[in-house]
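Listing of final-v3.cif, mmCIF, C-alpha atoms
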data_upload
#
loop_
_atom_site.label_atom_id
_atom_site.label_comp_id
_atom_site.auth_asym_id
_atom_site.auth_seq_id
_atom_site.Cartn_x
_atom_site.Cartn_y
_atom_site.Cartn_z
CA MET A 1 22.31 20.15 -16.98
CA GLU A 2 22.33 19.35 -13.28
CA SER A 3 19.94 22.25 -12.66
CA ASN A 4 17.57 20.93 -15.35
CA ASN A 5 17.58 17.46 -13.81
CA TYR A 6 16.80 18.95 -10.41
CA GLN A 7 13.91 20.97 -11.85
CA ASN A 8 12.57 17.90 -13.67
CA GLU A 9 12.63 15.98 -10.40
CA ILE A 10 10.69 18.77 -8.67
CA ASP A 11 8.14 18.88 -11.50
CA GLN A 12 7.72 15.12 -11.35
CA ARG A 13 7.14 15.20 -7.60
CA LYS A 14 4.55 17.93 -8.01
CA LYS A 15 2.81 15.86 -10.68
CA LEU A 16 2.76 12.78 -8.46
CA SER A 17 1.48 14.71 -5.44
CA ALA A 18 -1.37 16.34 -7.37
CA GLY A 19 -4.61 14.57 -6.60
CA ILE A 20 -7.92 14.19 -8.40
CA TYR A 21 -11.19 15.12 -6.66
CA ILE A 22 -13.89 12.47 -6.72
CA SER A 23 -17.65 13.04 -6.48
CA ILE A 24 -20.36 10.40 -6.19
CA LEU A 25 -23.91 11.71 -6.46
CA ALA A 26 -26.92 9.53 -5.69
CA TYR A 27 -30.00 11.07 -7.34
CA LYS A 28 -33.60 10.31 -6.50
CA PHE A 29 -36.39 10.96 -9.00
CA THR A 30 -39.45 12.74 -7.59
CA PRO A 31 -43.06 11.48 -7.61
CA ASP A 32 -43.75 14.02 -10.37
CA TYR A 33 -41.27 12.19 -12.59
CA TRP A 34 -42.99 8.84 -12.06
CA ASN A 35 -46.33 10.43 -13.01
CA LEU A 36 -44.99 11.49 -16.42
CA SER A 37 -45.89 9.60 -19.57
CA PRO A 38 -43.22 7.32 -21.11
CA GLU A 39 -42.73 9.88 -23.89
CA GLU A 40 -42.14 12.68 -21.37
CA GLN A 41 -39.68 10.52 -19.45
CA GLN A 42 -37.82 9.85 -22.71
CA GLY A 43 -37.51 13.62 -23.12
CA ILE A 44 -35.82 13.87 -19.71
CA PHE A 45 -33.44 11.04 -20.61
CA GLY A 46 -32.55 12.87 -23.81
CA ARG A 47 -31.67 16.05 -21.89
CA LEU A 48 -29.71 14.04 -19.32
CA ASN A 49 -27.62 12.20 -21.87
CA GLU A 50 -26.88 15.39 -23.79
CA PHE A 51 -25.77 16.94 -20.48
CA PHE A 52 -23.52 13.98 -19.60
CA SER A 53 -22.02 13.96 -23.09
CA GLU A 54 -20.98 17.61 -22.74
CA TYR A 55 -19.55 17.18 -19.24
CA ARG A 56 -17.50 14.11 -20.22
CA LYS A 57 -15.41 16.51 -22.32
CA LYS A 58 -14.66 18.65 -19.23
CA MET A 59 -14.11 16.12 -16.46
CA THR A 60 -11.27 13.69 -15.80
CA HIS A 61 -13.92 10.99 -16.08
CA LEU A 62 -17.70 10.61 -15.74
CA ARG A 63 -19.86 7.48 -15.54
CA THR A 64 -23.55 6.94 -14.93
CA TYR A 65 -25.39 4.00 -13.35
CA ARG A 66 -28.88 2.78 -12.56
CA SER A 67 -29.09 2.12 -8.84
CA ILE A 68 -29.88 -1.33 -7.49
CA ARG A 69 -30.71 0.04 -4.04
CA HIS A 70 -34.16 1.44 -3.29
CA ASP A 71 -32.97 4.82 -2.02
CA CYS A 72 -31.75 6.35 -5.29
CA ASP A 73 -32.31 5.98 -9.03
CA LEU A 74 -29.26 7.50 -10.72
CA ILE A 75 -25.62 7.30 -9.57
CA VAL A 76 -23.11 9.72 -11.09
CA TRP A 77 -19.41 8.95 -10.50
CA THR A 78 -17.15 11.71 -11.72
CA SER A 79 -13.79 13.36 -11.08
CA SER A 80 -11.78 16.48 -11.81
CA GLU A 81 -8.52 18.12 -10.79
CA ASP A 82 -10.60 21.22 -10.00
CA PRO A 83 -13.31 20.81 -7.30
CA GLU A 84 -15.21 23.77 -8.76
CA GLU A 85 -15.98 21.62 -11.81
CA LEU A 86 -17.72 19.12 -9.53
CA VAL A 87 -19.87 21.91 -8.07
CA SER A 88 -20.70 23.15 -11.57
CA LEU A 89 -21.72 19.65 -12.66
CA ARG A 90 -24.06 19.16 -9.69
CA GLU A 91 -25.69 22.58 -10.04
CA ASN A 92 -26.25 22.21 -13.79
CA LEU A 93 -27.47 18.63 -13.41
CA ASN A 94 -30.08 19.92 -10.96
CA ARG A 95 -31.18 22.48 -13.56
CA THR A 96 -31.29 19.83 -16.28
CA LEU A 97 -33.59 17.65 -14.18
CA ALA A 98 -35.88 20.68 -13.75
CA GLY A 99 -37.36 19.56 -10.43
CA TYR A 100 -37.80 15.91 -11.44
CA GLY A 101 -34.78 14.71 -9.46
CA TYR A 102 -32.50 15.75 -6.61
CA PRO A 103 -29.24 14.54 -4.98
CA ASP A 104 -30.30 12.42 -2.00
CA PHE A 105 -26.73 11.50 -0.94
CA SER A 106 -23.23 12.40 -2.00
CA MET A 107 -19.60 11.54 -1.25
CA PHE A 108 -16.57 13.73 -1.85
CA SER A 109 -12.94 12.65 -1.63
CA LEU A 110 -9.40 13.02 -2.97
CA TYR A 111 -7.77 10.35 -5.11
CA GLU A 112 -4.00 10.30 -4.62
CA HIS A 113 -1.08 7.94 -5.12
CA SER A 114 -1.31 5.22 -2.48
CA PRO A 115 -0.23 1.61 -1.83
CA TYR A 116 -3.45 0.48 -3.55
CA LEU A 117 -2.40 1.97 -6.90
CA LYS A 118 -0.45 -0.37 -9.17
CA GLN A 119 3.24 0.42 -9.66
CA GLY A 120 3.77 3.06 -12.34
CA GLN A 121 0.05 3.66 -12.89
CA VAL A 122 -1.05 7.24 -13.60
CA LEU A 123 -4.03 8.41 -11.55
CA ALA A 124 -6.09 9.79 -14.43
CA ASP A 125 -5.39 6.72 -16.58
CA SER A 126 -6.59 4.40 -13.81
CA LEU A 127 -10.00 6.09 -13.96
CA ASN A 128 -10.38 5.75 -17.71
CA PHE A 129 -10.19 2.05 -18.44
CA PRO A 130 -13.23 0.71 -20.30
CA PRO A 131 -16.02 0.57 -17.69
CA LEU A 132 -17.15 -2.68 -16.10
CA LYS A 133 -20.81 -3.59 -15.60
CA TYR A 134 -21.22 -2.89 -11.87
CA PHE A 135 -20.11 -0.11 -9.56
CA VAL A 136 -19.92 -0.28 -5.75
CA ALA A 137 -19.11 2.68 -3.48
CA TYR A 138 -19.31 3.42 0.21
CA PRO A 139 -17.81 5.69 2.88
CA MET A 140 -15.48 4.31 5.55
CA ASN A 141 -14.28 5.44 8.97
CA LYS A 142 -11.73 3.87 11.29
CA ASP A 143 -11.53 3.86 15.07
CA PRO A 144 -9.26 6.63 16.47
CA GLU A 145 -7.19 3.88 18.07
CA TRP A 146 -6.04 2.84 14.59
CA TYR A 147 -4.04 6.04 14.22
CA LEU A 148 -2.26 5.39 17.52
CA VAL A 149 -0.91 2.02 16.35
CA ASP A 150 2.81 2.11 15.48
CA PRO A 151 3.18 3.14 11.78
CA LYS A 152 5.28 0.06 10.96
CA GLU A 153 2.64 -2.19 12.48
CA ARG A 154 -0.11 -0.38 10.55
CA LYS A 155 1.85 -0.94 7.33
CA THR A 156 2.20 -4.67 8.12
CA ILE A 157 -1.51 -4.97 8.85
CA MET A 158 -2.52 -3.20 5.64
CA SER A 159 -0.02 -5.21 3.59
CA GLU A 160 -1.73 -8.35 4.85
CA HIS A 161 -5.10 -6.94 3.79
CA ILE A 162 -3.84 -6.02 0.30
CA ALA A 163 -2.21 -9.44 -0.16
CA MET A 164 -5.44 -11.23 0.83
CA ALA A 165 -7.33 -9.26 -1.82
CA THR A 166 -4.81 -9.50 -4.67
CA SER A 167 -4.16 -13.21 -4.17
CA ASN A 168 -7.84 -14.14 -4.21
CA PRO A 169 -8.60 -15.83 -7.57
CA GLU A 170 -12.06 -14.24 -7.65
CA ASN A 171 -10.50 -10.76 -7.47
CA GLU A 172 -9.05 -10.87 -10.98
CA ASP A 173 -11.68 -8.68 -12.67
CA ILE A 174 -12.24 -6.29 -9.75
CA ARG A 175 -10.85 -2.75 -9.90
CA SER A 176 -10.50 -0.90 -6.60
CA TYR A 177 -10.12 2.80 -5.86
CA THR A 178 -9.23 4.02 -2.37
CA THR A 179 -9.78 7.76 -1.88
CA TYR A 180 -9.35 10.06 1.10
CA SER A 181 -11.69 12.54 2.80
CA TYR A 182 -9.72 13.72 5.84
CA GLY A 183 -10.96 17.19 6.73
CA ILE A 184 -13.14 17.65 3.62
CA ALA A 185 -16.10 15.32 4.24
CA ASP A 186 -17.92 13.39 6.97
CA GLN A 187 -15.98 10.18 6.36
CA GLU A 188 -12.25 9.42 6.25
CA PHE A 189 -12.29 7.32 3.08
CA VAL A 190 -14.49 6.64 0.08
CA VAL A 191 -13.83 3.25 -1.49
CA MET A 192 -15.08 2.30 -4.93
CA TYR A 193 -15.03 -0.86 -6.99
CA GLU A 194 -15.84 -1.90 -10.55
CA THR A 195 -16.63 -5.49 -11.41
CA ASP A 196 -18.44 -7.65 -13.96
CA SER A 197 -19.64 -10.06 -11.25
CA LEU A 198 -21.39 -9.01 -8.05
CA SER A 199 -21.20 -12.58 -6.74
CA ARG A 200 -17.40 -12.69 -7.05
CA TRP A 201 -17.18 -9.27 -5.45
CA SER A 202 -19.32 -10.49 -2.52
CA HIS A 203 -17.12 -13.57 -2.07
CA VAL A 204 -13.92 -11.48 -1.99
CA THR A 205 -15.48 -9.08 0.50
CA ALA A 206 -16.55 -11.93 2.77
CA LYS A 207 -13.00 -13.32 2.80
CA LEU A 208 -11.55 -9.91 3.65
CA ARG A 209 -13.65 -9.87 6.82
CA GLU A 210 -10.95 -12.16 8.20
CA ALA A 211 -8.22 -9.52 7.83
CA ARG A 212 -6.85 -8.01 11.04
CA GLN A 213 -7.52 -4.45 9.93
CA ARG A 214 -11.28 -5.13 10.23
CA LYS A 215 -11.16 -4.65 13.99
CA TRP A 216 -10.54 -0.92 13.51
CA VAL A 217 -13.24 -0.27 10.88
CA THR A 218 -16.22 1.54 12.43
CA LYS A 219 -18.43 2.42 9.44
CA GLU A 220 -18.96 1.15 5.89
CA TYR A 221 -22.42 2.38 4.90
CA PRO A 222 -24.48 3.30 2.98
CA ILE A 223 -23.33 0.99 0.19
CA TYR A 224 -24.36 2.12 -3.28
CA VAL A 225 -24.47 -0.43 -6.09
CA GLY A 226 -25.14 0.55 -9.67
CA ILE A 227 -25.49 -1.03 -13.11
CA LEU A 228 -23.63 0.79 -15.88
CA ALA A 229 -26.05 2.90 -17.96
CA GLU A 230 -24.38 4.88 -20.74
CA PRO A 231 -26.56 6.35 -22.14
CA PHE A 232 -28.68 6.60 -19.02
CA GLN A 233 -32.14 5.05 -19.33
CA PHE A 234 -34.48 2.77 -17.41
#

Take the structure from the file and write it as structure tokens.
Amino acid sequence: MESNNYQNEIDQRKKLSAGIYISILAYKFTPDYWNLSPEEQQGIFGRLNEFFSEYRKKMTHLRTYRSIRHDCDLIVWTSSEDPEELVSLRENLNRTLAGYGYPDFSMFSLYEHSPYLKQGQVLADSLNFPPLKYFVAYPMNKDPEWYLVDPKERKTIMSEHIAMATSNPENEDIRSYTTYSYGIADQEFVVMYETDSLSRWSHVTAKLREARQRKWVTKEYPIYVGILAEPFQF
């Protein structure tokens, strides 16, 4: 019995330590696409939505958005426990678009248990709540000096930041996802948010500029903002 309990504890630790890989793809449609007739464009949307429907069965989660920014048209936010699935999705999405679109920017990261995850929440479950209307994502880097600050002091500083966010009354509908890219991408973090109100999100962000941890942040761009589009269509 004691041996079984020990093995269960090991299995639980392994389960908690296992992360989920996150991919954000920002696709741009080509001039050839914009020269198509509305009927031909509808045909592309039909192929796209059939593709996304099939891949939703394979991935941990998959959502699609129309971009608000000028520099892309389609944002795909997806995840899997196997990074090869993310490669497969991108390659087959390129084939589905048949030269009418290409990935102009991408972010890759690892979603793991962290202080930002609510107590007792399962990683995969946290990605599969009913989607909210808007999606915001951007890469983040911190100054090397941040990592030389005493760990206890860093924890205090980040606790202040988290408390400022969670206590803000305009933060009630905002979901946040902090993911990590150390050694696997150009940035250190990818942060993502879902919200039904861009104005409330902007107000919360402005208030968080007053947090002490801001002095060590060196990069938070480009910022991608999308409107939920499931099925995808303009």

task: Dig up all the protein and nucleic acid residues within 9 Å of (-27.8, 1.0, -5.8) in the file frame, using all atoms listed in the file, and format them as a VMD selection string.
output: chain A and resid 26 65 to 75 135 to 136 223 to 227

Could those residues be written to a file, using C-alpha atoms, as an mmCIF file, keeping the file's coordinate frame?
data_model
loop_
_atom_site.group_PDB
_atom_site.id
_atom_site.type_symbol
_atom_site.label_atom_id
_atom_site.label_comp_id
_atom_site.auth_asym_id
_atom_site.auth_seq_id
_atom_site.Cartn_x
_atom_site.Cartn_y
_atom_site.Cartn_z
ATOM 1 C CA ALA A 26 -26.920 9.530 -5.690
ATOM 2 C CA TYR A 65 -25.390 4.000 -13.350
ATOM 3 C CA ARG A 66 -28.880 2.780 -12.560
ATOM 4 C CA SER A 67 -29.090 2.120 -8.840
ATOM 5 C CA ILE A 68 -29.880 -1.330 -7.490
ATOM 6 C CA ARG A 69 -30.710 0.040 -4.040
ATOM 7 C CA HIS A 70 -34.160 1.440 -3.290
ATOM 8 C CA ASP A 71 -32.970 4.820 -2.020
ATOM 9 C CA CYS A 72 -31.750 6.350 -5.290
ATOM 10 C CA ASP A 73 -32.310 5.980 -9.030
ATOM 11 C CA LEU A 74 -29.260 7.500 -10.720
ATOM 12 C CA ILE A 75 -25.620 7.300 -9.570
ATOM 13 C CA PHE A 135 -20.110 -0.110 -9.560
ATOM 14 C CA VAL A 136 -19.920 -0.280 -5.750
ATOM 15 C CA ILE A 223 -23.330 0.990 0.190
ATOM 16 C CA TYR A 224 -24.360 2.120 -3.280
ATOM 17 C CA VAL A 225 -24.470 -0.430 -6.090
ATOM 18 C CA GLY A 226 -25.140 0.550 -9.670
ATOM 19 C CA ILE A 227 -25.490 -1.030 -13.110
#

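Note on the selection: in this file the PyMOL selection byres ((chain A and resi 45-51) around 8) comes out as Gln41, Gln42, Gly43, Ile44, Phe52, Ser53, Glu54, Tyr55, Leu93, Thr96, Leu97, Pro231, Phe232 and Gln233 of chain A.
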
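Nearest residue to Gly101 in chain A among A:Arg212, A:Arg175, A:Lys28, A:Arg63 is A:Lys28, counting all atoms listed in the file.
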
What's around range 207-209 of chain A at 7 Å? Count all atoms listed in the file, leave out sequence neighbours fewer than 5 positions away in its own chain, and write the answer as a JSON list (two decimals) with C-alpha atoms, keeping the file's coordinate frame.
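result_32.json written:
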[["chain", "number", "residue", "atom", "x", "y", "z"],
["A", 164, "MET", "CA", -5.44, -11.23, 0.83],
["A", 165, "ALA", "CA", -7.33, -9.26, -1.82],
["A", 214, "ARG", "CA", -11.28, -5.13, 10.23]]

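Between Phe105 in chain A and the residues A:Asp186, A:Glu160, A:Asp196, A:Glu84, the shortest atom-to-atom distance, using only C-alpha atoms, involves A:Asp186.
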
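Comparing A:Thr64, A:Thr218, A:Asn128, A:Gln187 by their smallest distance to Tyr27 in chain A, the closest is A:Thr64 (using only C-alpha atoms).
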
Spatial sel., origin (-20.9, -4.5, -15.4), limit 6 Å, only C-alpha atoms, listed as an MDAnalysis selection string: chainID A and resid 132:134 195:196 228

Selection export as a short mmCIF file (atom, residue, chain, number, x, y, z; two decimals), in the coordinates of the input, atoms kept: C-alpha atoms:
data_model
loop_
_atom_site.label_atom_id
_atom_site.label_comp_id
_atom_site.auth_asym_id
_atom_site.auth_seq_id
_atom_site.Cartn_x
_atom_site.Cartn_y
_atom_site.Cartn_z
CA LEU A 132 -17.15 -2.68 -16.10
CA LYS A 133 -20.81 -3.59 -15.60
CA TYR A 134 -21.22 -2.89 -11.87
CA THR A 195 -16.63 -5.49 -11.41
CA ASP A 196 -18.44 -7.65 -13.96
CA LEU A 228 -23.63 0.79 -15.88
#

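Minimum atom-to-atom distance to Pro83 in chain A, evaluated using all atoms listed in the file, belongs to A:Gly19 out of A:Pro151, A:Pro31, A:Pro222, A:Gly19.
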
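For the residues A:Phe108, A:Asn94, A:Asn171, A:Tyr100, ranking by smallest atom-to-atom distance to Ala206 in chain A using only C-alpha atoms places A:Asn171 first.
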
Around all the atoms of range 22-38 of chain A listed in the file, with 8 Å of room on each side, what axis-aligned box do you get, giving centre and edge lengths in Å to one decimal, as AutoDock Vina command-line options?
--center_x -30.1 --center_y 10.7 --center_z -13.4 --size_x 48.4 --size_y 22.7 --size_z 31.4

task: Could you tell me how far CA of Thr178 in chain A lies from CA of Tyr102 in chain A, in Å and to one decimal?
output: 26.4 Å

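For Tyr182 in chain A, the residues within 10 Å (counting only C-alpha atoms, excluding itself and residues fewer than 5 positions away along the chain) are Ser109, Leu110, Asn141, Gln187, Glu188 and Phe189 of chain A.
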
With C-alpha atoms retained, could you export that selection as a PDB file, keeping the file's coordinate frame?
ATOM      1  CA  SER A 109     -12.940  12.650  -1.630  1.00  0.00           C
ATOM      2  CA  LEU A 110      -9.400  13.020  -2.970  1.00  0.00           C
ATOM      3  CA  ASN A 141     -14.280   5.440   8.970  1.00  0.00           C
ATOM      4  CA  GLN A 187     -15.980  10.180   6.360  1.00  0.00           C
ATOM      5  CA  GLU A 188     -12.250   9.420   6.250  1.00  0.00           C
ATOM      6  CA  PHE A 189     -12.290   7.320   3.080  1.00  0.00           C
TER       7      PHE A 189
END

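Of the listed residues A:Ser23, A:Leu148, A:Asp32, A:Ala18, the one whose atoms come nearest to Leu89 in chain A is A:Ser23, with distances taken using only C-alpha atoms.
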
Residue IDs satisfying the PyMOL selection byres ((chain A and resi 162) around 12), as a ChimeraX atom specification: /A:114-118,155-161,163-168,171,176,178,204,207-208,211-213

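The two atoms in question, CA of Ile184 in chain A and CA of Glu85 in chain A, are spaced 16.2 Å apart.
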
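Evaluated against this file, the PyMOL selection byres ((chain A and resi 24) around 6) yields Ser23, Leu25, Val76, Trp77, Ser106 and Met107 of chain A.
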
Taking C-alpha atoms for each residue, export the selection above as a PDB file, in the frame of the given file.
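After the write, selection07.pdb holds the following:
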ATOM      1  CA  SER A  23     -17.650  13.040  -6.480  1.00  0.00           C
ATOM      2  CA  LEU A  25     -23.910  11.710  -6.460  1.00  0.00           C
ATOM      3  CA  VAL A  76     -23.110   9.720 -11.090  1.00  0.00           C
ATOM      4  CA  TRP A  77     -19.410   8.950 -10.500  1.00  0.00           C
ATOM      5  CA  SER A 106     -23.230  12.400  -2.000  1.00  0.00           C
ATOM      6  CA  MET A 107     -19.600  11.540  -1.250  1.00  0.00           C
TER       7      MET A 107
END

Test item: write range 71-93 of chain A with N, CA, C and O atoms as a PDB file, in the first residue's frame:
ATOM      1  N   ASP A  71      -1.067  44.203 -39.876  1.00  0.00           N
ATOM      2  CA  ASP A  71       0.024  43.382 -40.398  1.00  0.00           C
ATOM      3  C   ASP A  71      -0.281  41.894 -40.470  1.00  0.00           C
ATOM      4  O   ASP A  71       0.598  41.091 -40.780  1.00  0.00           O
ATOM      5  N   CYS A  72      -1.510  41.486 -40.177  1.00  0.00           N
ATOM      6  CA  CYS A  72      -1.922  40.110 -40.459  1.00  0.00           C
ATOM      7  C   CYS A  72      -3.439  40.086 -40.601  1.00  0.00           C
ATOM      8  O   CYS A  72      -4.118  41.068 -40.288  1.00  0.00           O
ATOM      9  N   ASP A  73      -3.958  38.968 -41.099  1.00  0.00           N
ATOM     10  CA  ASP A  73      -5.393  38.842 -41.343  1.00  0.00           C
ATOM     11  C   ASP A  73      -6.041  37.748 -40.496  1.00  0.00           C
ATOM     12  O   ASP A  73      -7.181  37.884 -40.066  1.00  0.00           O
ATOM     13  N   LEU A  74      -5.304  36.682 -40.273  1.00  0.00           N
ATOM     14  CA  LEU A  74      -5.810  35.519 -39.535  1.00  0.00           C
ATOM     15  C   LEU A  74      -4.844  35.205 -38.397  1.00  0.00           C
ATOM     16  O   LEU A  74      -3.629  35.135 -38.605  1.00  0.00           O
ATOM     17  N   ILE A  75      -5.373  35.028 -37.184  1.00  0.00           N
ATOM     18  CA  ILE A  75      -4.566  34.604 -36.037  1.00  0.00           C
ATOM     19  C   ILE A  75      -5.056  33.229 -35.605  1.00  0.00           C
ATOM     20  O   ILE A  75      -6.252  33.019 -35.392  1.00  0.00           O
ATOM     21  N   VAL A  76      -4.125  32.289 -35.515  1.00  0.00           N
ATOM     22  CA  VAL A  76      -4.442  30.932 -35.063  1.00  0.00           C
ATOM     23  C   VAL A  76      -3.731  30.706 -33.736  1.00  0.00           C
ATOM     24  O   VAL A  76      -2.501  30.785 -33.653  1.00  0.00           O
ATOM     25  N   TRP A  77      -4.506  30.425 -32.690  1.00  0.00           N
ATOM     26  CA  TRP A  77      -3.960  30.144 -31.355  1.00  0.00           C
ATOM     27  C   TRP A  77      -4.266  28.691 -31.054  1.00  0.00           C
ATOM     28  O   TRP A  77      -5.428  28.295 -30.981  1.00  0.00           O
ATOM     29  N   THR A  78      -3.215  27.887 -30.915  1.00  0.00           N
ATOM     30  CA  THR A  78      -3.428  26.468 -30.716  1.00  0.00           C
ATOM     31  C   THR A  78      -2.389  25.892 -29.770  1.00  0.00           C
ATOM     32  O   THR A  78      -1.378  26.525 -29.465  1.00  0.00           O
ATOM     33  N   SER A  79      -2.652  24.658 -29.298  1.00  0.00           N
ATOM     34  CA  SER A  79      -1.740  24.036 -28.340  1.00  0.00           C
ATOM     35  C   SER A  79      -1.805  22.525 -28.455  1.00  0.00           C
ATOM     36  O   SER A  79      -2.801  21.949 -28.919  1.00  0.00           O
ATOM     37  N   SER A  80      -0.719  21.890 -28.001  1.00  0.00           N
ATOM     38  CA  SER A  80      -0.637  20.437 -28.006  1.00  0.00           C
ATOM     39  C   SER A  80       0.446  19.998 -27.030  1.00  0.00           C
ATOM     40  O   SER A  80       1.407  20.739 -26.779  1.00  0.00           O
ATOM     41  N   GLU A  81       0.314  18.789 -26.492  1.00  0.00           N
ATOM     42  CA  GLU A  81       1.372  18.239 -25.655  1.00  0.00           C
ATOM     43  C   GLU A  81       2.551  17.761 -26.501  1.00  0.00           C
ATOM     44  O   GLU A  81       3.632  17.503 -25.972  1.00  0.00           O
ATOM     45  N   ASP A  82       2.337  17.651 -27.807  1.00  0.00           N
ATOM     46  CA  ASP A  82       3.380  17.198 -28.731  1.00  0.00           C
ATOM     47  C   ASP A  82       3.712  18.329 -29.708  1.00  0.00           C
ATOM     48  O   ASP A  82       2.867  18.699 -30.529  1.00  0.00           O
ATOM     49  N   PRO A  83       4.926  18.900 -29.656  1.00  0.00           N
ATOM     50  CA  PRO A  83       5.249  20.015 -30.567  1.00  0.00           C
ATOM     51  C   PRO A  83       5.196  19.633 -32.040  1.00  0.00           C
ATOM     52  O   PRO A  83       4.997  20.494 -32.899  1.00  0.00           O
ATOM     53  N   GLU A  84       5.342  18.341 -32.352  1.00  0.00           N
ATOM     54  CA  GLU A  84       5.266  17.919 -33.752  1.00  0.00           C
ATOM     55  C   GLU A  84       3.877  18.177 -34.328  1.00  0.00           C
ATOM     56  O   GLU A  84       3.728  18.417 -35.533  1.00  0.00           O
ATOM     57  N   GLU A  85       2.851  18.127 -33.485  1.00  0.00           N
ATOM     58  CA  GLU A  85       1.496  18.420 -33.955  1.00  0.00           C
ATOM     59  C   GLU A  85       1.378  19.873 -34.397  1.00  0.00           C
ATOM     60  O   GLU A  85       0.639  20.207 -35.333  1.00  0.00           O
ATOM     61  N   LEU A  86       2.100  20.769 -33.714  1.00  0.00           N
ATOM     62  CA  LEU A  86       2.067  22.181 -34.091  1.00  0.00           C
ATOM     63  C   LEU A  86       2.739  22.393 -35.446  1.00  0.00           C
ATOM     64  O   LEU A  86       2.288  23.208 -36.251  1.00  0.00           O
ATOM     65  N   VAL A  87       3.820  21.650 -35.689  1.00  0.00           N
ATOM     66  CA  VAL A  87       4.498  21.726 -36.995  1.00  0.00           C
ATOM     67  C   VAL A  87       3.571  21.203 -38.083  1.00  0.00           C
ATOM     68  O   VAL A  87       3.431  21.816 -39.152  1.00  0.00           O
ATOM     69  N   SER A  88       2.923  20.078 -37.818  1.00  0.00           N
ATOM     70  CA  SER A  88       1.998  19.485 -38.787  1.00  0.00           C
ATOM     71  C   SER A  88       0.875  20.452 -39.130  1.00  0.00           C
ATOM     72  O   SER A  88       0.516  20.623 -40.305  1.00  0.00           O
ATOM     73  N   LEU A  89       0.323  21.094 -38.100  1.00  0.00           N
ATOM     74  CA  LEU A  89      -0.764  22.054 -38.345  1.00  0.00           C
ATOM     75  C   LEU A  89      -0.300  23.183 -39.267  1.00  0.00           C
ATOM     76  O   LEU A  89      -0.983  23.526 -40.235  1.00  0.00           O
ATOM     77  N   ARG A  90       0.856  23.765 -38.970  1.00  0.00           N
ATOM     78  CA  ARG A  90       1.338  24.893 -39.778  1.00  0.00           C
ATOM     79  C   ARG A  90       1.596  24.464 -41.227  1.00  0.00           C
ATOM     80  O   ARG A  90       1.189  25.152 -42.172  1.00  0.00           O
ATOM     81  N   GLU A  91       2.252  23.324 -41.402  1.00  0.00           N
ATOM     82  CA  GLU A  91       2.559  22.871 -42.759  1.00  0.00           C
ATOM     83  C   GLU A  91       1.291  22.586 -43.557  1.00  0.00           C
ATOM     84  O   GLU A  91       1.174  22.980 -44.734  1.00  0.00           O
ATOM     85  N   ASN A  92       0.322  21.929 -42.930  1.00  0.00           N
ATOM     86  CA  ASN A  92      -0.910  21.597 -43.644  1.00  0.00           C
ATOM     87  C   ASN A  92      -1.816  22.806 -43.834  1.00  0.00           C
ATOM     88  O   ASN A  92      -2.572  22.874 -44.816  1.00  0.00           O
ATOM     89  N   LEU A  93      -1.725  23.781 -42.934  1.00  0.00           N
ATOM     90  CA  LEU A  93      -2.469  25.018 -43.131  1.00  0.00           C
ATOM     91  C   LEU A  93      -1.906  25.776 -44.336  1.00  0.00           C
ATOM     92  O   LEU A  93      -2.667  26.342 -45.143  1.00  0.00           O
TER      93      LEU A  93
END
